[in-house]
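Structure file start-v4.tsv (TSV, C-alpha atoms) is printed below.
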chain	number	residue	atom	x	y	z
A	84	MET	CA	-26.95	19.66	6.92
A	85	TYR	CA	-25.34	16.31	6.09
A	86	LEU	CA	-23.88	15.46	2.68
A	87	GLY	CA	-23.31	12.00	1.24
A	88	ILE	CA	-21.01	12.11	-1.77
A	89	ASP	CA	-20.63	9.06	-4.03
A	90	VAL	CA	-17.52	9.86	-6.08
A	91	HIS	CA	-16.72	8.53	-9.54
A	92	LYS	CA	-13.97	9.34	-12.04
A	93	ARG	CA	-15.55	12.48	-13.51
A	94	TYR	CA	-18.66	13.16	-11.45
A	95	ALA	CA	-20.16	12.70	-7.99
A	96	GLN	CA	-23.70	11.92	-6.86
A	97	VAL	CA	-24.58	14.07	-3.84
A	98	ALA	CA	-27.42	13.64	-1.35
A	99	VAL	CA	-28.13	16.40	1.19
A	100	MET	CA	-30.02	15.47	4.36
A	101	ASP	CA	-31.42	17.79	7.02
A	102	GLU	CA	-31.47	17.39	10.81
A	103	ALA	CA	-34.75	15.45	10.65
A	104	GLY	CA	-33.31	12.90	8.24
A	105	GLU	CA	-35.16	14.18	5.19
A	106	ILE	CA	-33.44	14.44	1.81
A	107	VAL	CA	-33.56	18.08	0.75
A	108	GLU	CA	-31.47	17.83	-2.41
A	109	GLU	CA	-30.08	15.19	-4.75
A	110	VAL	CA	-27.76	16.31	-7.48
A	111	ARG	CA	-25.16	14.89	-9.87
A	112	VAL	CA	-22.13	17.18	-10.03
A	113	LYS	CA	-18.97	17.19	-12.09
A	114	ASN	CA	-15.99	16.72	-9.81
A	115	ALA	CA	-14.56	19.98	-11.09
A	116	ASN	CA	-17.65	21.78	-9.74
A	117	LEU	CA	-17.72	20.22	-6.27
A	118	ASP	CA	-16.08	23.31	-4.82
A	119	ASP	CA	-19.16	25.40	-5.68
A	120	LEU	CA	-21.46	22.91	-3.95
A	121	ALA	CA	-19.19	22.78	-0.89
A	122	GLN	CA	-19.28	26.56	-0.58
A	123	ARG	CA	-23.08	26.50	-0.74
A	124	TYR	CA	-23.23	24.11	2.22
A	125	ALA	CA	-20.21	25.54	4.06
A	126	GLY	CA	-19.92	24.26	7.62
A	127	ALA	CA	-21.94	21.08	6.97
A	128	GLU	CA	-20.70	17.54	7.63
A	129	ALA	CA	-19.96	15.30	4.66
A	130	ALA	CA	-18.78	11.79	3.88
A	131	LEU	CA	-17.26	10.28	0.76
A	132	GLU	CA	-15.96	6.82	0.05
A	133	ALA	CA	-12.21	6.27	-0.26
A	134	THR	CA	-11.67	5.78	-3.99
A	135	SER	CA	-8.60	5.98	-6.20
A	136	ASN	CA	-9.09	9.72	-6.79
A	137	TYR	CA	-10.35	10.87	-3.42
A	138	TYR	CA	-7.28	12.84	-2.23
A	139	HIS	CA	-7.91	15.90	-4.38
A	140	ILE	CA	-11.67	15.82	-3.80
A	141	HIS	CA	-11.20	15.46	-0.04
A	142	ASP	CA	-8.83	18.42	0.04
A	143	THR	CA	-11.19	20.54	-2.08
A	144	LEU	CA	-14.25	19.78	0.04
A	145	SER	CA	-12.36	20.20	3.32
A	146	GLU	CA	-11.89	23.89	2.54
A	147	HIS	CA	-15.59	24.36	3.34
A	148	LEU	CA	-16.97	21.12	4.88
A	149	ASP	CA	-16.20	18.80	7.78
A	150	VAL	CA	-15.29	15.77	5.67
A	151	THR	CA	-15.03	12.13	6.74
A	152	VAL	CA	-13.64	9.54	4.33
A	153	ALA	CA	-15.46	6.21	4.60
A	154	HIS	CA	-13.58	2.90	4.50
A	155	PRO	CA	-14.98	1.07	1.42
A	156	LYS	CA	-14.78	-2.50	2.77
A	157	GLU	CA	-16.31	-1.67	6.14
A	158	LEU	CA	-18.89	0.51	4.41
A	159	ASN	CA	-20.03	-2.42	2.25
A	160	GLN	CA	-20.35	-4.62	5.32
A	161	ILE	CA	-22.64	-2.29	7.27
A	162	ALA	CA	-24.66	-0.63	4.48
A	163	ASN	CA	-28.20	-1.96	4.80
A	164	SER	CA	-29.38	-1.62	1.20
A	165	ASP	CA	-29.55	-4.48	-1.29
A	166	LYS	CA	-30.05	-2.03	-4.15
A	167	LYS	CA	-26.72	-0.48	-5.14
A	168	THR	CA	-27.05	2.72	-7.19
A	169	ASP	CA	-25.28	6.07	-7.04
A	170	ARG	CA	-28.35	7.72	-5.50
A	171	VAL	CA	-28.77	4.99	-2.89
A	172	ASP	CA	-25.08	5.08	-1.99
A	173	ALA	CA	-25.09	8.88	-1.63
A	174	LYS	CA	-28.18	8.79	0.60
A	175	GLU	CA	-26.68	6.00	2.72
A	176	LEU	CA	-23.53	8.06	3.24
A	177	ALA	CA	-25.61	11.10	4.25
A	178	ARG	CA	-27.59	8.93	6.69
A	179	MET	CA	-24.38	7.60	8.25
A	180	VAL	CA	-22.97	11.11	8.64
A	181	ARG	CA	-26.15	12.23	10.40
A	182	LEU	CA	-25.97	9.22	12.76
A	183	ASN	CA	-22.23	9.65	13.26
A	184	SER	CA	-21.70	6.04	12.13
A	185	VAL	CA	-19.33	6.42	9.16
A	186	PRO	CA	-16.58	3.73	9.25
A	187	GLU	CA	-13.71	6.16	8.95
A	188	SER	CA	-10.72	5.64	6.68
A	189	TYR	CA	-7.31	7.18	7.28
A	190	VAL	CA	-6.45	10.25	5.22
A	191	PRO	CA	-2.65	10.52	4.89
A	192	THR	CA	-0.75	13.77	5.21
A	193	ASP	CA	0.89	15.40	2.19
A	194	GLU	CA	4.28	14.05	3.31
A	195	ILE	CA	2.99	10.49	3.47
A	196	ARG	CA	1.16	10.86	0.14
A	197	GLU	CA	4.44	11.90	-1.47
A	198	ALA	CA	6.24	8.91	0.06
A	199	ARG	CA	3.49	6.58	-1.18
A	200	ALA	CA	3.72	8.03	-4.66
A	201	LEU	CA	7.47	7.39	-4.75
A	202	VAL	CA	7.47	3.79	-3.52
A	203	ARG	CA	4.33	2.79	-5.43
A	204	GLY	CA	5.71	4.45	-8.54
A	205	ARG	CA	8.89	2.40	-8.25
A	206	GLN	CA	6.84	-0.75	-7.77
A	207	THR	CA	4.90	-0.01	-10.97
A	208	LEU	CA	8.10	0.53	-12.96
A	209	VAL	CA	9.61	-2.70	-11.61
A	210	GLU	CA	6.45	-4.64	-12.46
A	211	ASN	CA	6.46	-3.22	-16.00
A	212	ARG	CA	10.12	-4.13	-16.46
A	213	THR	CA	9.43	-7.68	-15.25
A	214	LYS	CA	6.54	-7.92	-17.72
A	215	TYR	CA	8.87	-7.24	-20.65
A	216	ALA	CA	11.48	-9.65	-19.30
A	217	ASN	CA	8.78	-12.34	-19.22
A	218	LYS	CA	7.83	-11.48	-22.81
A	219	ILE	CA	11.45	-12.08	-23.81
A	220	HIS	CA	11.48	-15.45	-22.04
A	221	GLY	CA	8.30	-16.38	-23.93
A	222	LEU	CA	9.79	-15.26	-27.22
A	223	LEU	CA	12.94	-17.36	-26.65
A	224	SER	CA	10.86	-20.38	-25.68
A	225	ASP	CA	8.82	-20.05	-28.88
A	226	HIS	CA	12.05	-20.31	-30.87
A	227	GLY	CA	13.51	-23.25	-28.98
A	228	ILE	CA	16.21	-21.22	-27.20
A	229	THR	CA	16.79	-22.89	-23.83
A	230	GLU	CA	19.71	-20.88	-22.41
A	231	ASP	CA	19.09	-19.42	-18.94
A	232	VAL	CA	19.19	-15.76	-19.93
A	233	LYS	CA	18.49	-12.89	-17.53
A	234	PRO	CA	17.21	-9.88	-19.51
A	235	LEU	CA	17.34	-7.68	-16.41
A	236	ASN	CA	21.14	-7.68	-16.19
A	237	LYS	CA	23.59	-6.15	-18.60
A	238	GLU	CA	25.29	-9.41	-19.55
A	239	GLY	CA	21.95	-11.00	-20.35
A	240	ARG	CA	20.95	-8.14	-22.64
A	241	GLU	CA	24.31	-8.26	-24.41
A	242	PHE	CA	23.78	-11.98	-25.08
A	243	LEU	CA	20.25	-11.36	-26.38
A	244	ARG	CA	21.43	-8.69	-28.79
A	245	GLU	CA	23.79	-11.24	-30.40
A	246	LEU	CA	20.92	-13.58	-31.20
A	247	SER	CA	19.71	-13.90	-34.76
A	248	LEU	CA	15.93	-14.23	-34.85
A	249	PRO	CA	13.69	-14.13	-37.93
A	250	THR	CA	11.47	-11.15	-38.72
A	251	PRO	CA	9.41	-9.80	-36.97
A	252	TRP	CA	10.64	-11.40	-33.73
A	253	ASP	CA	14.05	-9.75	-34.04
A	254	ALA	CA	12.37	-6.32	-33.95
A	255	LEU	CA	10.17	-7.34	-31.02
A	256	LEU	CA	13.19	-8.53	-29.06
A	257	GLU	CA	15.01	-5.25	-29.69
A	258	SER	CA	11.94	-3.25	-28.60
A	259	TYR	CA	11.61	-5.24	-25.38
A	260	LEU	CA	15.31	-4.77	-24.62
A	261	GLU	CA	15.11	-1.01	-25.19
A	262	LEU	CA	12.06	-0.78	-22.93
A	263	ILE	CA	13.85	-2.73	-20.19
A	264	GLU	CA	16.88	-0.44	-20.42
A	265	THR	CA	14.70	2.69	-20.32
A	266	LEU	CA	12.76	1.39	-17.32
A	267	THR	CA	16.01	0.43	-15.57
A	268	GLU	CA	17.31	3.98	-15.94
A	269	GLU	CA	14.03	5.41	-14.64
A	270	ILE	CA	14.06	3.01	-11.67
A	271	GLN	CA	17.62	4.03	-10.80
A	272	GLU	CA	16.71	7.72	-10.92
A	273	LEU	CA	13.64	7.12	-8.76
A	274	GLU	CA	15.67	5.08	-6.28
A	275	GLU	CA	18.02	8.04	-5.85
A	276	THR	CA	15.03	10.21	-4.99
A	277	ILE	CA	13.70	7.54	-2.61
A	278	GLU	CA	17.07	7.24	-0.88
A	279	GLU	CA	17.24	11.01	-0.49
A	280	ARG	CA	13.70	11.17	0.89
A	281	ALA	CA	14.32	8.29	3.32
A	282	GLY	CA	17.45	9.99	4.59
A	283	SER	CA	15.55	13.22	5.28
A	284	LEU	CA	12.77	11.80	7.47
A	285	LYS	CA	13.17	11.05	11.15
A	286	GLU	CA	10.88	8.01	10.95
A	287	THR	CA	12.80	6.32	8.15
A	288	GLN	CA	16.13	7.17	9.77
A	289	LEU	CA	14.92	5.24	12.82
A	290	LEU	CA	13.74	2.30	10.72
A	291	MET	CA	17.07	2.02	8.94
A	292	THR	CA	18.75	1.24	12.27
A	293	ILE	CA	17.12	-2.21	12.03
A	294	PRO	CA	19.45	-4.80	10.44
A	295	GLY	CA	18.06	-5.75	7.04
A	296	VAL	CA	15.96	-2.61	6.51
A	297	SER	CA	17.11	-0.55	3.51
A	298	TYR	CA	16.07	2.97	2.60
A	299	TYR	CA	13.44	1.62	0.18
A	300	THR	CA	11.98	-0.78	2.75
A	301	ALA	CA	12.00	1.97	5.37
A	302	LEU	CA	10.20	4.48	3.16
A	303	THR	CA	7.65	1.85	2.07
A	304	ILE	CA	6.84	0.90	5.66
A	305	TYR	CA	6.53	4.57	6.64
A	306	ALA	CA	4.39	5.38	3.61
A	307	GLU	CA	1.99	2.46	3.99
A	308	LEU	CA	1.60	2.66	7.79
A	309	GLY	CA	1.18	6.42	7.87
A	310	GLU	CA	1.19	8.26	11.17
A	311	ILE	CA	1.89	5.73	13.90
A	312	SER	CA	-0.31	7.64	16.38
A	313	ARG	CA	-3.42	6.43	14.56
A	314	PHE	CA	-2.89	2.89	15.86
A	315	ASP	CA	-4.06	1.78	19.31
A	316	GLY	CA	-1.04	-0.45	19.83
A	317	ASP	CA	1.27	-3.01	18.25
A	318	LYS	CA	-1.55	-5.54	17.79
A	319	SER	CA	-3.45	-2.96	15.76
A	320	VAL	CA	-0.47	-2.44	13.44
A	321	VAL	CA	0.08	-6.18	13.02
A	322	SER	CA	-3.59	-6.61	12.11
A	323	TYR	CA	-3.46	-3.65	9.69
A	324	VAL	CA	-0.56	-5.21	7.78
A	325	GLY	CA	-2.18	-8.67	7.83
A	326	LEU	CA	0.53	-10.50	9.79
A	327	ASN	CA	-1.87	-11.48	12.56
A	328	PRO	CA	-2.81	-15.18	12.76
A	329	VAL	CA	-6.46	-16.04	12.18
A	330	ILE	CA	-7.89	-17.51	15.39
A	331	ARG	CA	-10.64	-20.13	15.23
A	332	GLU	CA	-12.38	-21.01	18.48
A	333	SER	CA	-14.95	-23.75	19.02
A	334	GLY	CA	-15.97	-24.80	22.50
A	335	ASP	CA	-12.81	-25.34	24.49
A	336	SER	CA	-10.54	-25.53	21.44
A	337	ARG	CA	-8.53	-22.63	20.07
A	338	ILE	CA	-6.71	-23.02	16.74
A	339	GLU	CA	-4.22	-20.46	15.46
A	340	GLY	CA	-4.29	-20.58	11.67
A	341	SER	CA	-2.42	-18.82	8.90
A	342	ILE	CA	-2.02	-15.05	8.78
A	343	SER	CA	-4.98	-12.91	7.71
A	344	LYS	CA	-3.13	-11.23	4.80
A	345	ARG	CA	-5.11	-8.03	5.15
A	346	GLY	CA	-3.64	-4.71	4.10
A	347	SER	CA	-0.60	-4.17	1.91
A	348	GLY	CA	0.87	-7.37	0.50
A	349	ARG	CA	3.92	-5.36	-0.53
A	350	VAL	CA	4.66	-4.37	3.08
A	351	ARG	CA	4.22	-7.97	4.27
A	352	TRP	CA	6.60	-9.20	1.57
A	353	LEU	CA	9.19	-6.54	2.43
A	354	LEU	CA	8.99	-7.32	6.15
A	355	VAL	CA	9.51	-11.03	5.46
A	356	GLN	CA	12.51	-10.21	3.24
A	357	ALA	CA	13.90	-7.87	5.90
A	358	ALA	CA	13.43	-10.55	8.57
A	359	ASN	CA	15.25	-13.07	6.37
A	360	THR	CA	18.11	-10.63	5.90
A	361	ALA	CA	18.27	-9.79	9.61
A	362	VAL	CA	18.39	-13.47	10.58
A	363	HIS	CA	20.48	-15.04	7.83
A	364	THR	CA	22.72	-12.20	6.62
A	365	CYS	CA	23.03	-9.63	9.40
A	366	ASP	CA	22.85	-12.23	12.19
A	367	ASP	CA	20.67	-10.00	14.35
A	368	ALA	CA	20.91	-11.64	17.79
A	369	TYR	CA	17.39	-10.74	18.97
A	370	LEU	CA	15.53	-11.84	15.85
A	371	SER	CA	17.86	-14.79	15.14
A	372	ARG	CA	17.26	-16.34	18.57
A	373	PHE	CA	13.51	-15.92	18.13
A	374	SER	CA	13.51	-17.39	14.61
A	375	GLU	CA	15.71	-20.36	15.53
A	376	ARG	CA	13.54	-21.18	18.53
A	377	LEU	CA	10.40	-21.21	16.39
A	378	ALA	CA	12.05	-23.07	13.50
A	379	SER	CA	12.84	-25.95	15.87
A	380	ARG	CA	9.08	-26.40	16.46
A	381	LYS	CA	7.60	-25.20	13.16
A	382	ASN	CA	8.81	-25.04	9.58
A	383	SER	CA	11.29	-22.34	8.61
A	384	GLN	CA	8.77	-20.36	6.53
A	385	LYS	CA	6.33	-20.05	9.43
A	386	ALA	CA	9.22	-19.08	11.68
A	387	ILE	CA	10.36	-16.27	9.36
A	388	VAL	CA	6.80	-14.93	9.00
A	389	ALA	CA	6.51	-14.86	12.80
A	390	THR	CA	9.89	-13.10	12.90
A	391	ALA	CA	8.58	-10.48	10.46
A	392	ARG	CA	5.63	-9.96	12.81
A	393	LYS	CA	8.02	-9.51	15.73
A	394	MET	CA	10.02	-7.00	13.69
A	395	LEU	CA	6.81	-5.08	12.99
A	396	VAL	CA	6.04	-4.94	16.73
A	397	SER	CA	9.51	-3.44	17.27
A	398	ILE	CA	8.84	-0.97	14.45
A	399	TYR	CA	5.63	0.18	16.11
A	400	HIS	CA	7.37	0.87	19.42
A	401	MET	CA	10.35	2.53	17.74
A	402	LEU	CA	8.12	4.96	15.86
A	403	ASP	CA	5.80	5.49	18.82
A	404	ARG	CA	8.69	6.28	21.19
A	405	ARG	CA	10.92	7.78	18.46
A	406	GLU	CA	13.77	5.48	19.43
A	407	VAL	CA	16.41	3.60	17.42
A	408	TYR	CA	16.39	-0.18	17.22
A	409	ASP	CA	17.61	-1.49	20.58
A	410	PRO	CA	16.01	-4.85	21.41
A	411	PRO	CA	16.36	-6.46	24.86
A	412	ASP	CA	19.84	-7.74	25.73
A	413	VAL	CA	21.20	-6.58	22.37
A	414	SER	CA	23.31	-3.49	21.88
A	415	ALA	CA	22.00	-1.00	19.33

structure tokens encoding of this file:
Amino acid sequence: MYLGIDVHKRYAQVAVMDEAGEIVEEVRVKNANLDDLAQRYAGAEAALEATSNYYHIHDTLSEHLDVTVAHPKELNQIANSDKKTDRVDAKELARMVRLNSVPESYVPTDEIREARALVRGRQTLVENRTKYANKIHGLLSDHGITEDVKPLNKEGREFLRELSLPTPWDALLESYLELIETLTEEIQELEETIEERAGSLKETQLLMTIPGVSYYTALTIYAELGEISRFDGDKSVVSYVGLNPVIRESGDSRIEGSISKRGSGRVRWLLVQAANTAVHTCDDAYLSRFSERLASRKNSQKAIVATARKMLVSIYHMLDRREVYDPPDVSA
């Protein structure tokens, strides 16, 4: 039997297909009851789309079924139905399982899920803190206060607390400041956990031998890339992160455009920041020579993006070979 499972927040639409390609059952099941259905079809193959809540469902189903997680973007590209409903999607998944044509998505290990939760959790807290800082800037602007105040540092908050604003804006300002301070404390506590986790993993220990790569950057790269063995080579990793240039060919011409920007924008940003640090602060000989050579022919921003791509290639080989950073002609 082959099961197509279209998962939603609280329920799943399931289509069961036999060897001949006939639908033998269609049922809508609460996610909490999927375990019972999986036991009933124990040993069957199943596919579900990678959604925000698929980890737990995948683990539950995998106790009894051979589960493949489908990549949502690739699934949308190859699905041949113009009519999108839960029943249609479930049947399409079952059909793909039967034909062994499911565009498979990576399912991270528990260790990598934990690392992702830590770094993505920190990112959420930082974004929330920035949101309240921006609210303070807006509030000051509304009252004609033009001083360059930084609510994210202690001195800035002390200055803001000395301001005299009319009601109710004084209370709003105090609330925003308290929220920023609370978030700052939570970020600091989470960063301690992230630093401890990065120091305990072999992969992140290797990554931190690269000039410009901190414990947070290392854990983020490890968490978002996942197991390095799933990539075919360094070009595959570069493409996954979206640092590969888009190539346009027409006749005898070949134009290399801007980067594709697929995958995690956060990883791309961190790699560019790490490349900047390696070149301009740490004076990494290998990356600095490369960046300077490119900058003489292209603008500095393009050169640093290309340097980030080169750093990512080194990262792939370091993790693949389990070696510290030791580029050619440069002592580790």

How big is the axis-aligned box around the listed atoms of range 394-397 of chain A once 5 Å is added on each side, and where is its centre? Give both in Å to one decimal, as JSON.
{"center_x": 8.0, "center_y": -5.2, "center_z": 15.1, "size_x": 14.0, "size_y": 13.6, "size_z": 14.3}

### Task
Pick out the closest residue to Val296 in chain A from this set: A:Asp367, A:Asp317, A:Asp193, A:Asp253. Count all atoms listed in the file.
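So, comparing all the options, the nearest one is A:Asp367.
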
### Query
Which of these, A:Arg212, A:Lys167, A:Arg380, A:Lys318, has the shortest distance to Leu266 in chain A once you count all atoms listed in the file?
A:Arg212

Selection near Ala361 in chain A, 8 Å with all atoms listed in the file, sequence-local residues under 2 positions removed, as a compact mmCIF listing (two decimals) with C-alpha atoms, in the frame of the given file:
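The resulting file, around.txt, is reproduced below:
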# COMPACT_ATOMS: atom_id res chain seq x y z
CA PRO A 294 19.45 -4.80 10.44
CA GLY A 295 18.06 -5.75 7.04
CA ALA A 357 13.90 -7.87 5.90
CA ALA A 358 13.43 -10.55 8.57
CA ASN A 359 15.25 -13.07 6.37
CA HIS A 363 20.48 -15.04 7.83
CA THR A 364 22.72 -12.20 6.62
CA CYS A 365 23.03 -9.63 9.40
CA ASP A 366 22.85 -12.23 12.19
CA ASP A 367 20.67 -10.00 14.35
CA LEU A 370 15.53 -11.84 15.85
CA SER A 371 17.86 -14.79 15.14

### Task
Would you mind reading off the distance between CA of Ile140 in chain A and CA of Tyr189 in chain A, one decimal, in Å?
14.7 Å

### Query
To one decimal place, how far is CA of Arg170 in chain A from CA of Glu146 in chain A in Å?
24.4 Å

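Between Ile263 in chain A and the residues A:Glu245, A:Glu102, A:Glu210, A:Asp169, the shortest atom-to-atom distance, using all atoms listed in the file, involves A:Glu210.
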
### Summary
The distance between CA of Tyr305 in chain A and CA of Ile293 in chain A is 13.7 Å

### Query
Nearest to Asn327 in chain A: which of A:Val388, A:His147, A:Glu278, A:Val362 is it, counting all atoms listed in the file?
A:Val388

### Query
Neighbours of Glu269 in chain A within 12 Å (all atoms listed in the file; same-chain residues fewer than 5 positions away dropped), as JSON, numbers by chain?
{"A": [204, 205, 206, 207, 208, 209, 211, 212, 262, 263, 264, 274, 275, 276]}

Shell around Tyr137 in chain A at 10 Å using only C-alpha atoms, local window under 3 positions removed, as a PDB file with C-alpha atoms, in the coordinates of the input:
ATOM      1  CA  VAL A  90     -17.520   9.860  -6.080  1.00  0.00           C
ATOM      2  CA  HIS A  91     -16.720   8.530  -9.540  1.00  0.00           C
ATOM      3  CA  LYS A  92     -13.970   9.340 -12.040  1.00  0.00           C
ATOM      4  CA  LEU A 131     -17.260  10.280   0.760  1.00  0.00           C
ATOM      5  CA  GLU A 132     -15.960   6.820   0.050  1.00  0.00           C
ATOM      6  CA  ALA A 133     -12.210   6.270  -0.260  1.00  0.00           C
ATOM      7  CA  THR A 134     -11.670   5.780  -3.990  1.00  0.00           C
ATOM      8  CA  ILE A 140     -11.670  15.820  -3.800  1.00  0.00           C
ATOM      9  CA  HIS A 141     -11.200  15.460  -0.040  1.00  0.00           C
ATOM     10  CA  ASP A 142      -8.830  18.420   0.040  1.00  0.00           C
ATOM     11  CA  THR A 143     -11.190  20.540  -2.080  1.00  0.00           C
ATOM     12  CA  VAL A 152     -13.640   9.540   4.330  1.00  0.00           C
ATOM     13  CA  VAL A 190      -6.450  10.250   5.220  1.00  0.00           C
TER      14      VAL A 190
END
